[in-house]
Amino acid sequence: MHQTSPSTPSHTSDPQLSAQSQPQPELTPPAVLAFHDFLRAISQTPHLHAKFLNTLSFLEYIGSRKILKSQRAENITFDILSHTAEEIRHAQAFKKIALKMSQGKVESYSSEHLFCGAEATLYFQAIDQSAAARLSQPDPWTNYLLTTLLIEERANQIYPFYEHILAAAGFPGYLKTIVREENSHLQDIAAEISKHQPLTPELLDELRAMEDAAFQRFTKALQQELLQAS
Ligand SMILES: [Fe+2]
Ligand SMILES: [Fe+2]
């Protein structure tokens, strides 16, 4: 996963290091750079930023609800309960910052309290449905693994950067636990997926490309909304 601070380049060359010993900088994909730009921009306007935080809370809530709804009771394990509980706590943590930032205004998930709430739902649905469409027969457990992998990969790409943005906005340390737990979810899911032979690297790459397209649509909607609201 690529992590950068908001103002620091991801890689600085050191003349003391030989060319051989220098690690190759990992390039930040354009879609992620565009999202970083959006985060920097919206953080300048607290009442809009609070709504966006509430949208992230909404996405975390959707994630936790989908985990539970996707599994029959006999398949619910301790790990699934833990994962669901942590996603609910993430929803709560984002809501807490959103409420502080808006002086208690963005209480609900109604559209006037969200920033691109409908587009956030579309983003999640696109991933869920694409994962389901790639399976030859309905399989809630595999669908859960695939959807979660894609969401966790994106969360791990975005949240560490957003942590810096929030610190600069006066909310330092608020995402520390979330960042740690999302990383742990990703490790767990990746380990689980590696046990499933039918999940080929080609299929995973295809799904990642689909998620990236959905993420770009979401980012574009966020940018347009910010332009109109500013
Ligand atoms: Fe989460
Ligand atoms: Fe997670």
# chains A, B, ... in the order shown; residues from 1 in each chain; ligands from 1
$ residues_near_ligand --ligand "ligand 1" --cutoff "9 Å" --atoms "only C-alpha atoms and all ligand atoms" --output "PyMOL selection string"
chain A and resi 57+59-61+63-64+83-84+86-91+151-152+155+178-179+181-182+185
$ write_last_selection --atoms "C-alpha atoms" --output "PDB file, in the first residue's frame"
ATOM      1  CA  SER A  57     -19.337   6.936   8.311  1.00  0.00           C
ATOM      2  CA  LEU A  59     -19.898   3.737   3.897  1.00  0.00           C
ATOM      3  CA  GLU A  60     -18.522   2.025   7.012  1.00  0.00           C
ATOM      4  CA  TYR A  61     -22.099   1.413   8.166  1.00  0.00           C
ATOM      5  CA  GLY A  63     -19.958  -2.284   4.972  1.00  0.00           C
ATOM      6  CA  SER A  64     -20.901  -3.660   8.387  1.00  0.00           C
ATOM      7  CA  HIS A  83     -14.953  -7.593  11.680  1.00  0.00           C
ATOM      8  CA  THR A  84     -18.570  -6.367  11.769  1.00  0.00           C
ATOM      9  CA  GLU A  86     -14.978  -2.988  14.049  1.00  0.00           C
ATOM     10  CA  GLU A  87     -16.698  -1.603  10.942  1.00  0.00           C
ATOM     11  CA  ILE A  88     -19.534  -0.310  13.144  1.00  0.00           C
ATOM     12  CA  ARG A  89     -16.944   1.356  15.385  1.00  0.00           C
ATOM     13  CA  HIS A  90     -15.379   2.947  12.302  1.00  0.00           C
ATOM     14  CA  ALA A  91     -18.803   4.321  11.333  1.00  0.00           C
ATOM     15  CA  ILE A 151     -12.860  -2.296  -0.051  1.00  0.00           C
ATOM     16  CA  GLU A 152     -10.018  -2.960   2.376  1.00  0.00           C
ATOM     17  CA  ALA A 155      -9.335   1.919   2.632  1.00  0.00           C
ATOM     18  CA  ILE A 178      -9.175   2.676  12.100  1.00  0.00           C
ATOM     19  CA  VAL A 179      -5.977   2.617  10.035  1.00  0.00           C
ATOM     20  CA  GLU A 181      -7.758  -2.262  12.037  1.00  0.00           C
ATOM     21  CA  GLU A 182      -8.268  -1.828   8.270  1.00  0.00           C
ATOM     22  CA  HIS A 185      -8.656  -6.779   7.991  1.00  0.00           C
TER      23      HIS A 185
END
$ residues_around --residues "segment 123-134 of chain A" --least-positions-apart "2" --cutoff "7 Å" --atoms "only C-alpha atoms" --output "ChimeraX atom specification"
/A:119-121,136,143,146-147,207,211,214-215,218
$ closest_residue --among "A:Ile80, A:Leu114, A:Ile193, A:Leu166" --to "ligand 2" --atoms "only C-alpha atoms and all ligand atoms"
A:Ile80
$ select_by_dssp --residues "segment 46-173 of chain A" --states "alpha helix (DSSP H)" --output "PyMOL selection string"
chain A and resi 46-70+78-101+117-134+140-168
$ write_last_selection --atoms "C-alpha atoms" --output "JSON list (two decimals), in the first residue's frame"
[["chain", "number", "residue", "atom", "x", "y", "z"],
["A", 46, "PRO", "CA", -15.61, 22.63, 7.53],
["A", 47, "HIS", "CA", -19.38, 22.40, 6.94],
["A", 48, "LEU", "CA", -18.81, 20.43, 3.72],
["A", 49, "HIS", "CA", -15.98, 18.44, 5.25],
["A", 50, "ALA", "CA", -18.30, 17.37, 8.09],
["A", 51, "LYS", "CA", -20.80, 16.04, 5.53],
["A", 52, "PHE", "CA", -18.04, 14.13, 3.76],
["A", 53, "LEU", "CA", -16.93, 12.59, 7.07],
["A", 54, "ASN", "CA", -20.54, 11.57, 7.56],
["A", 55, "THR", "CA", -20.46, 9.93, 4.11],
["A", 56, "LEU", "CA", -17.42, 7.89, 5.17],
["A", 57, "SER", "CA", -19.34, 6.94, 8.31],
["A", 58, "PHE", "CA", -22.23, 5.91, 6.04],
["A", 59, "LEU", "CA", -19.90, 3.74, 3.90],
["A", 60, "GLU", "CA", -18.52, 2.02, 7.01],
["A", 61, "TYR", "CA", -22.10, 1.41, 8.17],
["A", 62, "ILE", "CA", -23.05, -0.06, 4.76],
["A", 63, "GLY", "CA", -19.96, -2.28, 4.97],
["A", 64, "SER", "CA", -20.90, -3.66, 8.39],
["A", 65, "ARG", "CA", -24.52, -4.23, 7.32],
["A", 66, "LYS", "CA", -23.45, -6.06, 4.17],
["A", 67, "ILE", "CA", -21.16, -8.38, 6.12],
["A", 68, "LEU", "CA", -24.02, -9.49, 8.35],
["A", 69, "LYS", "CA", -26.64, -9.68, 5.61],
["A", 70, "SER", "CA", -24.35, -11.69, 3.32],
["A", 78, "PHE", "CA", -16.03, -15.07, 15.83],
["A", 79, "ASP", "CA", -13.89, -13.39, 13.16],
["A", 80, "ILE", "CA", -16.94, -12.20, 11.21],
["A", 81, "LEU", "CA", -18.50, -10.80, 14.38],
["A", 82, "SER", "CA", -15.22, -9.01, 15.18],
["A", 83, "HIS", "CA", -14.95, -7.59, 11.68],
["A", 84, "THR", "CA", -18.57, -6.37, 11.77],
["A", 85, "ALA", "CA", -18.12, -4.80, 15.20],
["A", 86, "GLU", "CA", -14.98, -2.99, 14.05],
["A", 87, "GLU", "CA", -16.70, -1.60, 10.94],
["A", 88, "ILE", "CA", -19.53, -0.31, 13.14],
["A", 89, "ARG", "CA", -16.94, 1.36, 15.39],
["A", 90, "HIS", "CA", -15.38, 2.95, 12.30],
["A", 91, "ALA", "CA", -18.80, 4.32, 11.33],
["A", 92, "GLN", "CA", -19.12, 5.67, 14.87],
["A", 93, "ALA", "CA", -15.63, 7.23, 14.81],
["A", 94, "PHE", "CA", -16.24, 9.10, 11.55],
["A", 95, "LYS", "CA", -19.66, 10.21, 12.81],
["A", 96, "LYS", "CA", -18.06, 11.52, 16.01],
["A", 97, "ILE", "CA", -15.67, 13.77, 14.07],
["A", 98, "ALA", "CA", -18.47, 14.82, 11.70],
["A", 99, "LEU", "CA", -20.66, 15.85, 14.64],
["A", 100, "LYS", "CA", -17.83, 17.79, 16.29],
["A", 101, "MET", "CA", -16.96, 19.54, 13.06],
["A", 117, "GLY", "CA", -24.46, 9.95, -0.35],
["A", 118, "ALA", "CA", -26.17, 8.45, -3.41],
["A", 119, "GLU", "CA", -22.84, 8.14, -5.25],
["A", 120, "ALA", "CA", -21.29, 6.48, -2.19],
["A", 121, "THR", "CA", -24.05, 3.86, -2.29],
["A", 122, "LEU", "CA", -23.47, 3.35, -6.02],
["A", 123, "TYR", "CA", -19.75, 2.82, -5.39],
["A", 124, "PHE", "CA", -20.43, 0.07, -2.87],
["A", 125, "GLN", "CA", -23.12, -1.57, -5.01],
["A", 126, "ALA", "CA", -20.87, -1.61, -8.08],
["A", 127, "ILE", "CA", -18.26, -3.62, -6.18],
["A", 128, "ASP", "CA", -20.74, -5.96, -4.58],
["A", 129, "GLN", "CA", -22.56, -6.69, -7.85],
["A", 130, "SER", "CA", -19.40, -7.09, -9.92],
["A", 131, "ALA", "CA", -18.00, -9.59, -7.44],
["A", 132, "ALA", "CA", -21.27, -11.53, -7.48],
["A", 133, "ALA", "CA", -21.37, -11.48, -11.30],
["A", 134, "ARG", "CA", -17.93, -13.12, -11.53],
["A", 140, "PRO", "CA", -22.06, -15.52, -0.15],
["A", 141, "TRP", "CA", -18.78, -16.44, 1.52],
["A", 142, "THR", "CA", -16.63, -15.91, -1.61],
["A", 143, "ASN", "CA", -18.56, -12.79, -2.46],
["A", 144, "TYR", "CA", -17.85, -11.50, 1.04],
["A", 145, "LEU", "CA", -14.13, -12.23, 0.63],
["A", 146, "LEU", "CA", -13.88, -10.53, -2.77],
["A", 147, "THR", "CA", -15.92, -7.45, -1.87],
["A", 148, "THR", "CA", -14.07, -7.05, 1.41],
["A", 149, "LEU", "CA", -10.67, -7.42, -0.26],
["A", 150, "LEU", "CA", -11.44, -4.60, -2.71],
["A", 151, "ILE", "CA", -12.86, -2.30, -0.05],
["A", 152, "GLU", "CA", -10.02, -2.96, 2.38],
["A", 153, "GLU", "CA", -7.38, -2.37, -0.29],
["A", 154, "ARG", "CA", -8.92, 1.02, -1.05],
["A", 155, "ALA", "CA", -9.34, 1.92, 2.63],
["A", 156, "ASN", "CA", -5.66, 1.12, 3.23],
["A", 157, "GLN", "CA", -4.71, 3.36, 0.35],
["A", 158, "ILE", "CA", -6.85, 6.32, 1.41],
["A", 159, "TYR", "CA", -7.11, 6.40, 5.21],
["A", 160, "PRO", "CA", -3.42, 6.84, 6.13],
["A", 161, "PHE", "CA", -3.30, 9.93, 3.92],
["A", 162, "TYR", "CA", -6.62, 11.20, 5.26],
["A", 163, "GLU", "CA", -5.25, 10.85, 8.80],
["A", 164, "HIS", "CA", -2.76, 13.64, 7.96],
["A", 165, "ILE", "CA", -5.51, 15.82, 6.50],
["A", 166, "LEU", "CA", -7.65, 15.40, 9.61],
["A", 167, "ALA", "CA", -4.71, 16.17, 11.88],
["A", 168, "ALA", "CA", -4.14, 19.40, 9.96]]
$ atom_distance --atom1 "atom CA of Asp37 of chain A" --atom2 "atom CA of Thr219 of chain A"
10.0 Å
$ closest_residue --among "A:His36, A:Ala169, A:Ser111, A:Arg180" --to "ligand 2" --atoms "only C-alpha atoms and all ligand atoms"
A:Arg180
$ closest_residue --among "A:Thr177, A:Gln71, A:Thr77, A:Asn183" --to "ligand 2" --atoms "only C-alpha atoms and all ligand atoms"
A:Asn183
$ residues_around --residues "Leu227 of chain A" --least-positions-apart "5" --cutoff "10 Å" --atoms "only C-alpha atoms" --output "list in words"
Ala41, Ile42, Ala221 and Leu222 of chain A
$ atom_distance --atom1 "atom CA of Leu199 of chain A" --atom2 "atom CA of Ala73 of chain A"
24.5 Å
$ atom_distance --atom1 "atom CA of Leu135 of chain A" --atom2 "atom CA of Ser194 of chain A"
16.5 Å
$ closest_residue --among "A:Gln137, A:Pro29, A:Ile189, A:Ser102" --to "ligand 2" --atoms "only C-alpha atoms and all ligand atoms"
A:Ile189
$ closest_residue --among "A:Met210, A:Val106, A:Leu33, A:Leu186" --to "ligand 2" --atoms "only C-alpha atoms and all ligand atoms"
A:Leu186
$ decode --residues "segment 80-172 of chain A" --atoms "C-alpha atoms" --output "PDB file, in the first residue's frame"
ATOM      1  CA  ILE A  80     -16.942 -12.203  11.207  1.00  0.00           C
ATOM      2  CA  LEU A  81     -18.500 -10.798  14.375  1.00  0.00           C
ATOM      3  CA  SER A  82     -15.218  -9.011  15.181  1.00  0.00           C
ATOM      4  CA  HIS A  83     -14.953  -7.593  11.680  1.00  0.00           C
ATOM      5  CA  THR A  84     -18.570  -6.367  11.769  1.00  0.00           C
ATOM      6  CA  ALA A  85     -18.119  -4.799  15.204  1.00  0.00           C
ATOM      7  CA  GLU A  86     -14.978  -2.988  14.049  1.00  0.00           C
ATOM      8  CA  GLU A  87     -16.698  -1.603  10.942  1.00  0.00           C
ATOM      9  CA  ILE A  88     -19.534  -0.310  13.144  1.00  0.00           C
ATOM     10  CA  ARG A  89     -16.944   1.356  15.385  1.00  0.00           C
ATOM     11  CA  HIS A  90     -15.379   2.947  12.302  1.00  0.00           C
ATOM     12  CA  ALA A  91     -18.803   4.321  11.333  1.00  0.00           C
ATOM     13  CA  GLN A  92     -19.124   5.674  14.870  1.00  0.00           C
ATOM     14  CA  ALA A  93     -15.635   7.228  14.811  1.00  0.00           C
ATOM     15  CA  PHE A  94     -16.239   9.104  11.553  1.00  0.00           C
ATOM     16  CA  LYS A  95     -19.664  10.209  12.812  1.00  0.00           C
ATOM     17  CA  LYS A  96     -18.060  11.515  16.011  1.00  0.00           C
ATOM     18  CA  ILE A  97     -15.668  13.767  14.070  1.00  0.00           C
ATOM     19  CA  ALA A  98     -18.470  14.823  11.695  1.00  0.00           C
ATOM     20  CA  LEU A  99     -20.659  15.855  14.643  1.00  0.00           C
ATOM     21  CA  LYS A 100     -17.828  17.795  16.291  1.00  0.00           C
ATOM     22  CA  MET A 101     -16.963  19.539  13.057  1.00  0.00           C
ATOM     23  CA  SER A 102     -20.592  20.476  12.313  1.00  0.00           C
ATOM     24  CA  GLN A 103     -21.569  21.395  15.893  1.00  0.00           C
ATOM     25  CA  GLY A 104     -23.942  18.422  15.959  1.00  0.00           C
ATOM     26  CA  LYS A 105     -25.714  19.129  12.665  1.00  0.00           C
ATOM     27  CA  VAL A 106     -24.991  16.007  10.585  1.00  0.00           C
ATOM     28  CA  GLU A 107     -26.856  13.604  12.841  1.00  0.00           C
ATOM     29  CA  SER A 108     -28.455  11.255  10.314  1.00  0.00           C
ATOM     30  CA  TYR A 109     -27.621   9.571   7.016  1.00  0.00           C
ATOM     31  CA  SER A 110     -30.337  11.522   5.195  1.00  0.00           C
ATOM     32  CA  SER A 111     -29.143  13.070   1.931  1.00  0.00           C
ATOM     33  CA  GLU A 112     -28.950  16.634   3.311  1.00  0.00           C
ATOM     34  CA  HIS A 113     -26.481  15.410   5.958  1.00  0.00           C
ATOM     35  CA  LEU A 114     -24.277  13.597   3.430  1.00  0.00           C
ATOM     36  CA  PHE A 115     -21.844  14.671   0.740  1.00  0.00           C
ATOM     37  CA  CYS A 116     -22.591  12.568  -2.385  1.00  0.00           C
ATOM     38  CA  GLY A 117     -24.456   9.952  -0.345  1.00  0.00           C
ATOM     39  CA  ALA A 118     -26.172   8.450  -3.409  1.00  0.00           C
ATOM     40  CA  GLU A 119     -22.844   8.143  -5.254  1.00  0.00           C
ATOM     41  CA  ALA A 120     -21.289   6.477  -2.195  1.00  0.00           C
ATOM     42  CA  THR A 121     -24.046   3.862  -2.291  1.00  0.00           C
ATOM     43  CA  LEU A 122     -23.474   3.350  -6.020  1.00  0.00           C
ATOM     44  CA  TYR A 123     -19.750   2.817  -5.389  1.00  0.00           C
ATOM     45  CA  PHE A 124     -20.427   0.073  -2.872  1.00  0.00           C
ATOM     46  CA  GLN A 125     -23.122  -1.568  -5.012  1.00  0.00           C
ATOM     47  CA  ALA A 126     -20.869  -1.607  -8.084  1.00  0.00           C
ATOM     48  CA  ILE A 127     -18.260  -3.620  -6.182  1.00  0.00           C
ATOM     49  CA  ASP A 128     -20.741  -5.963  -4.584  1.00  0.00           C
ATOM     50  CA  GLN A 129     -22.564  -6.688  -7.847  1.00  0.00           C
ATOM     51  CA  SER A 130     -19.402  -7.094  -9.920  1.00  0.00           C
ATOM     52  CA  ALA A 131     -17.999  -9.587  -7.436  1.00  0.00           C
ATOM     53  CA  ALA A 132     -21.273 -11.530  -7.479  1.00  0.00           C
ATOM     54  CA  ALA A 133     -21.371 -11.477 -11.298  1.00  0.00           C
ATOM     55  CA  ARG A 134     -17.930 -13.117 -11.529  1.00  0.00           C
ATOM     56  CA  LEU A 135     -18.991 -16.141  -9.493  1.00  0.00           C
ATOM     57  CA  SER A 136     -20.345 -19.074 -11.491  1.00  0.00           C
ATOM     58  CA  GLN A 137     -22.933 -19.764  -8.772  1.00  0.00           C
ATOM     59  CA  PRO A 138     -24.166 -17.719  -5.782  1.00  0.00           C
ATOM     60  CA  ASP A 139     -21.617 -18.041  -2.991  1.00  0.00           C
ATOM     61  CA  PRO A 140     -22.060 -15.525  -0.146  1.00  0.00           C
ATOM     62  CA  TRP A 141     -18.782 -16.442   1.519  1.00  0.00           C
ATOM     63  CA  THR A 142     -16.633 -15.914  -1.605  1.00  0.00           C
ATOM     64  CA  ASN A 143     -18.562 -12.787  -2.460  1.00  0.00           C
ATOM     65  CA  TYR A 144     -17.851 -11.498   1.042  1.00  0.00           C
ATOM     66  CA  LEU A 145     -14.133 -12.231   0.633  1.00  0.00           C
ATOM     67  CA  LEU A 146     -13.881 -10.535  -2.766  1.00  0.00           C
ATOM     68  CA  THR A 147     -15.922  -7.455  -1.865  1.00  0.00           C
ATOM     69  CA  THR A 148     -14.066  -7.051   1.410  1.00  0.00           C
ATOM     70  CA  LEU A 149     -10.674  -7.421  -0.256  1.00  0.00           C
ATOM     71  CA  LEU A 150     -11.436  -4.600  -2.707  1.00  0.00           C
ATOM     72  CA  ILE A 151     -12.860  -2.296  -0.051  1.00  0.00           C
ATOM     73  CA  GLU A 152     -10.018  -2.960   2.376  1.00  0.00           C
ATOM     74  CA  GLU A 153      -7.385  -2.370  -0.289  1.00  0.00           C
ATOM     75  CA  ARG A 154      -8.918   1.024  -1.048  1.00  0.00           C
ATOM     76  CA  ALA A 155      -9.335   1.919   2.632  1.00  0.00           C
ATOM     77  CA  ASN A 156      -5.665   1.117   3.234  1.00  0.00           C
ATOM     78  CA  GLN A 157      -4.712   3.359   0.354  1.00  0.00           C
ATOM     79  CA  ILE A 158      -6.852   6.318   1.414  1.00  0.00           C
ATOM     80  CA  TYR A 159      -7.112   6.401   5.206  1.00  0.00           C
ATOM     81  CA  PRO A 160      -3.417   6.841   6.131  1.00  0.00           C
ATOM     82  CA  PHE A 161      -3.298   9.935   3.919  1.00  0.00           C
ATOM     83  CA  TYR A 162      -6.620  11.204   5.265  1.00  0.00           C
ATOM     84  CA  GLU A 163      -5.246  10.846   8.800  1.00  0.00           C
ATOM     85  CA  HIS A 164      -2.763  13.640   7.964  1.00  0.00           C
ATOM     86  CA  ILE A 165      -5.514  15.818   6.503  1.00  0.00           C
ATOM     87  CA  LEU A 166      -7.655  15.396   9.609  1.00  0.00           C
ATOM     88  CA  ALA A 167      -4.709  16.170  11.885  1.00  0.00           C
ATOM     89  CA  ALA A 168      -4.144  19.399   9.957  1.00  0.00           C
ATOM     90  CA  ALA A 169      -7.862  20.179  10.365  1.00  0.00           C
ATOM     91  CA  GLY A 170      -7.535  19.901  14.159  1.00  0.00           C
ATOM     92  CA  PHE A 171      -8.407  16.223  14.652  1.00  0.00           C
ATOM     93  CA  PRO A 172      -5.075  14.463  15.247  1.00  0.00           C
TER      94      PRO A 172
END
